[in-house]
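**Q** Below you'll find the structure I mean.
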Amino acid sequence: MTSARTPTGAVPRGRRAGRSTGDDRETAILATAERLLRERPFGDISIDDLARGAGISRPTFYFYFPSKDAVLLTLLDRVTEEANAAAGDVLDRLADDPRARWRELIARFHAAFGGHRDVVLACAQVRGTNAEVRRLWAEVLERWVRAVQAAIEVERARGAAPDGLPARDLAIALNSMNERVWYATFAGDGPAVAERDVVDVLLDVWLTAIYRTTTPPVRPPAETP
């Protein structure tokens, strides 16, 4: 899913543009934030909480991040990078077995987001009031939309998927559906699909929308010379 990867050279979310990603104090701040998000809403977490949990002073915290919002943005960056890395080249291998590859993609994203659900839920909750979180998520979603749009167009070009709605519109609807369904599942914000079923439910909707069937044709095996 190369076209969905985070661009190289992205501006770091913290104050120091050249900071090392292996910095123990930065790592401690991020780990503290994610741990606290499992216990309370983002709005109830203070900079003092983050500094205390990381074993540093409040002034030292500001050496790494300009605000607690910057901590959340960095966590979101890392989650989306993990999801992109997990997706790998799945869409490049789509024609070999479309049903298996789409399921693999959805399952990998589900695992990445599910493994950091507290970060995902916190970002969803503050997105309405935090313009930078909203902008970052829109950029991430746009990359995924473009990757899925391109995959749909390739499947149509090889005759596996029928023409229909514009591929971009379909990709937007499918990605937006995943976002909402996962939020409901992770948050228990009913009605919600049970977590054990969510990947297969999403898969059937994706296949039906793209192929008008849940058993799309695979690429024929190469002929032996």
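If you're wondering about the labels, chains in the structure tokens are A, B, ... by order shown, residues count from 1 in each chain, ligands from 1 in order shown.
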Residues near Arg219 in chain A, anyone? I mean within 8 Å using only C-alpha atoms, not counting same-chain ones fewer than 3 positions away, as a tab-separated table (two decimals) with N, CA, C and O atoms, in the first residue's frame.
**A**
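Final output, out.tsv:
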```
chain	number	residue	atom	x	y	z
A	95	ALA	N	-4.74	-9.00	-7.08
A	95	ALA	CA	-5.32	-9.83	-8.13
A	95	ALA	C	-5.10	-11.32	-7.89
A	95	ALA	O	-5.85	-12.15	-8.41
A	96	ASP	N	-4.09	-11.68	-7.10
A	96	ASP	CA	-3.82	-13.10	-6.87
A	96	ASP	C	-4.95	-13.78	-6.11
A	96	ASP	O	-5.24	-14.96	-6.34
A	97	ASP	N	-5.57	-13.04	-5.19
A	97	ASP	CA	-6.70	-13.57	-4.41
A	97	ASP	C	-7.39	-12.39	-3.74
A	97	ASP	O	-7.10	-12.06	-2.59
```
**Q** Any idea what's packed within 8 Å of Pro162 in chain A, counting only C-alpha atoms, ignoring anything in its chain fewer than 2 positions away? Could you give it as a list in words?
**A** Arg156, Gly159, Ala160, Gly164, Ile210, Tyr211 and Arg212 of chain A
**Q** Under the rule that only C-alpha atoms are counted, which of A:Ile47, A:Val181, A:Thr213, A:Asp118 is the nearest residue to Val201 in chain A?
**A**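 Looking at the shortest contact to Val201 in chain A, the residue is A:Val181.
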**Q** Counting only C-alpha atoms, what is within 10 Å of range 124-127 of chain A, bar same-chain residues fewer than 6 positions away, as JSON, numbers by chain?
**A** {"A": [41, 42, 43, 69, 72, 118, 133, 134, 135, 136, 137, 179, 180, 183]}
**Q** For N, CA and C atoms, I'd like the residues from the last selection saved as a PDB file, in the first residue's frame.
**A**
```
ATOM      1  N   PRO A  41     -10.209  10.351  30.185  1.00  0.00           N
ATOM      2  CA  PRO A  41     -10.270  11.102  28.924  1.00  0.00           C
ATOM      3  C   PRO A  41      -9.052  12.006  28.762  1.00  0.00           C
ATOM      4  N   PHE A  42      -8.754  12.320  27.520  1.00  0.00           N
ATOM      5  CA  PHE A  42      -7.607  13.173  27.218  1.00  0.00           C
ATOM      6  C   PHE A  42      -7.706  14.522  27.924  1.00  0.00           C
ATOM      7  N   GLY A  43      -8.913  15.077  27.985  1.00  0.00           N
ATOM      8  CA  GLY A  43      -9.099  16.371  28.617  1.00  0.00           C
ATOM      9  C   GLY A  43      -8.776  16.389  30.092  1.00  0.00           C
ATOM     10  N   ASP A  69      -1.295  18.536  23.440  1.00  0.00           N
ATOM     11  CA  ASP A  69      -1.858  18.223  22.123  1.00  0.00           C
ATOM     12  C   ASP A  69      -0.780  17.668  21.194  1.00  0.00           C
ATOM     13  N   LEU A  72      -0.352  14.025  21.777  1.00  0.00           N
ATOM     14  CA  LEU A  72      -1.408  13.237  21.135  1.00  0.00           C
ATOM     15  C   LEU A  72      -1.168  13.132  19.633  1.00  0.00           C
ATOM     16  N   ASP A 118      -7.001   3.393  22.540  1.00  0.00           N
ATOM     17  CA  ASP A 118      -7.196   4.559  23.408  1.00  0.00           C
ATOM     18  C   ASP A 118      -6.711   5.835  22.721  1.00  0.00           C
ATOM     19  N   VAL A 133      -5.420  18.064  14.871  1.00  0.00           N
ATOM     20  CA  VAL A 133      -5.794  16.653  14.835  1.00  0.00           C
ATOM     21  C   VAL A 133      -6.700  16.396  13.640  1.00  0.00           C
ATOM     22  N   ARG A 134      -7.651  17.302  13.425  1.00  0.00           N
ATOM     23  CA  ARG A 134      -8.577  17.158  12.295  1.00  0.00           C
ATOM     24  C   ARG A 134      -7.826  17.186  10.969  1.00  0.00           C
ATOM     25  N   ARG A 135      -6.860  18.096  10.844  1.00  0.00           N
ATOM     26  CA  ARG A 135      -6.091  18.193   9.596  1.00  0.00           C
ATOM     27  C   ARG A 135      -5.236  16.950   9.373  1.00  0.00           C
ATOM     28  N   LEU A 136      -4.559  16.502  10.433  1.00  0.00           N
ATOM     29  CA  LEU A 136      -3.704  15.319  10.296  1.00  0.00           C
ATOM     30  C   LEU A 136      -4.526  14.103   9.899  1.00  0.00           C
ATOM     31  N   TRP A 137      -5.667  13.895  10.557  1.00  0.00           N
ATOM     32  CA  TRP A 137      -6.478  12.731  10.221  1.00  0.00           C
ATOM     33  C   TRP A 137      -6.999  12.824   8.784  1.00  0.00           C
ATOM     34  N   GLU A 179     -13.909   3.631   9.544  1.00  0.00           N
ATOM     35  CA  GLU A 179     -13.595   4.524  10.661  1.00  0.00           C
ATOM     36  C   GLU A 179     -14.722   4.536  11.695  1.00  0.00           C
ATOM     37  N   ARG A 180     -15.948   4.679  11.238  1.00  0.00           N
ATOM     38  CA  ARG A 180     -17.072   4.757  12.167  1.00  0.00           C
ATOM     39  C   ARG A 180     -17.341   3.411  12.842  1.00  0.00           C
ATOM     40  N   TYR A 183     -14.695   2.784  15.431  1.00  0.00           N
ATOM     41  CA  TYR A 183     -14.899   3.638  16.607  1.00  0.00           C
ATOM     42  C   TYR A 183     -15.977   3.047  17.510  1.00  0.00           C
TER      43      TYR A 183
END
```
**Q** At what distance in Å, to one decimal, does CA of Leu73 in chain A lie from CA of Glu132 in chain A?
**A**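 Between CA of Glu132 in chain A and CA of Leu73 in chain A the gap works out to 8.0 Å.
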**Q** At a cut-off of 8 Å, using only C-alpha atoms, what residues contact range 88-90 of chain A? Leave out same-chain residues fewer than 3 positions from it and give the result as a short mmCIF file (atom, residue, chain, number, x, y, z; two decimals) with N, CA, C and O atoms, in the first residue's frame.
**A**
```
data_model
loop_
_atom_site.label_atom_id
_atom_site.label_comp_id
_atom_site.auth_asym_id
_atom_site.auth_seq_id
_atom_site.Cartn_x
_atom_site.Cartn_y
_atom_site.Cartn_z
N MET A 1 0.86 -1.20 0.00
CA MET A 1 0.00 0.00 0.00
C MET A 1 0.89 1.24 0.00
O MET A 1 0.78 2.15 0.81
N THR A 2 1.83 1.26 -0.93
CA THR A 2 2.86 2.27 -0.94
C THR A 2 2.29 3.67 -1.00
O THR A 2 2.77 4.57 -0.32
N ASN A 84 0.28 1.83 8.27
CA ASN A 84 0.81 1.84 6.91
C ASN A 84 1.85 0.75 6.71
O ASN A 84 1.88 0.06 5.69
N ALA A 85 2.73 0.59 7.70
CA ALA A 85 3.76 -0.45 7.61
C ALA A 85 3.12 -1.83 7.60
O ALA A 85 3.56 -2.73 6.87
N ARG A 93 -0.68 -7.09 -4.42
CA ARG A 93 -0.90 -8.52 -4.66
C ARG A 93 -2.39 -8.86 -4.73
O ARG A 93 -2.78 -10.02 -4.65
N LEU A 94 -3.21 -7.85 -4.94
CA LEU A 94 -4.66 -8.01 -4.85
C LEU A 94 -5.21 -9.03 -5.85
O LEU A 94 -6.06 -9.86 -5.50
N ARG A 101 -6.77 -10.92 0.03
CA ARG A 101 -5.95 -9.73 0.19
C ARG A 101 -6.74 -8.59 0.83
O ARG A 101 -6.21 -7.89 1.69
N TRP A 102 -8.01 -8.39 0.45
CA TRP A 102 -8.81 -7.35 1.11
C TRP A 102 -8.99 -7.68 2.59
O TRP A 102 -8.92 -6.81 3.45
N GLU A 104 -6.96 -9.40 4.42
CA GLU A 104 -5.67 -9.18 5.06
C GLU A 104 -5.46 -7.70 5.36
O GLU A 104 -4.99 -7.33 6.45
N LEU A 105 -5.81 -6.85 4.42
CA LEU A 105 -5.65 -5.41 4.61
C LEU A 105 -6.51 -4.92 5.77
O LEU A 105 -6.03 -4.21 6.66
#
```
**Q** Would you please work out which residue, of A:Leu36, A:Leu174, A:Glu82, A:Ala111, is nearest to Trp144 in chain A when using only C-alpha atoms?
**A**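 Answer, going by the shortest atom-to-atom distance: A:Leu174.
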**Q** Choose the residue, out of A:Ala184, A:Asp169, A:Phe61, A:Glu34, that has the smallest atom-to-atom separation from Val148 in chain A; count only C-alpha atoms.
**A** A:Asp169
**Q** So which residues of chain A fall under helix (DSSP H, G or I) by DSSP, listed as a PyMOL selection string?
**A** chain A and resi 2-4+24-37+42-44+47-54+58-64+68-87+90-96+98-114+117-126+131-157+167-187+195-211
**Q** Can you work out which one of A:Leu91, A:Gly114, A:Val205, A:Arg103 has the shortest atom-to-atom distance to Val154 in chain A, counting only C-alpha atoms?
**A** A:Leu91
**Q** What's the 8 Å shell around Phe109 in chain A, counting only C-alpha atoms, without same-chain residues fewer than 5 positions away, as a PyMOL selection string?
**A** chain A and resi 83+86-87
**Q** Expressed in Å to a single decimal, how great is the separation between CA of Arg78 in chain A and CA of Ala100 in chain A?
**A**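 Taking CA of Arg78 in chain A as the start and CA of Ala100 in chain A as the end point, the length is 26.6 Å.
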**Q** Write out as a VMD selection string which residues come within 10 Å of Asp200 in chain A when counting only C-alpha atoms, dropping same-chain ones fewer than 6 positions away.
**A** chain A and resid 103 106 to 107 206
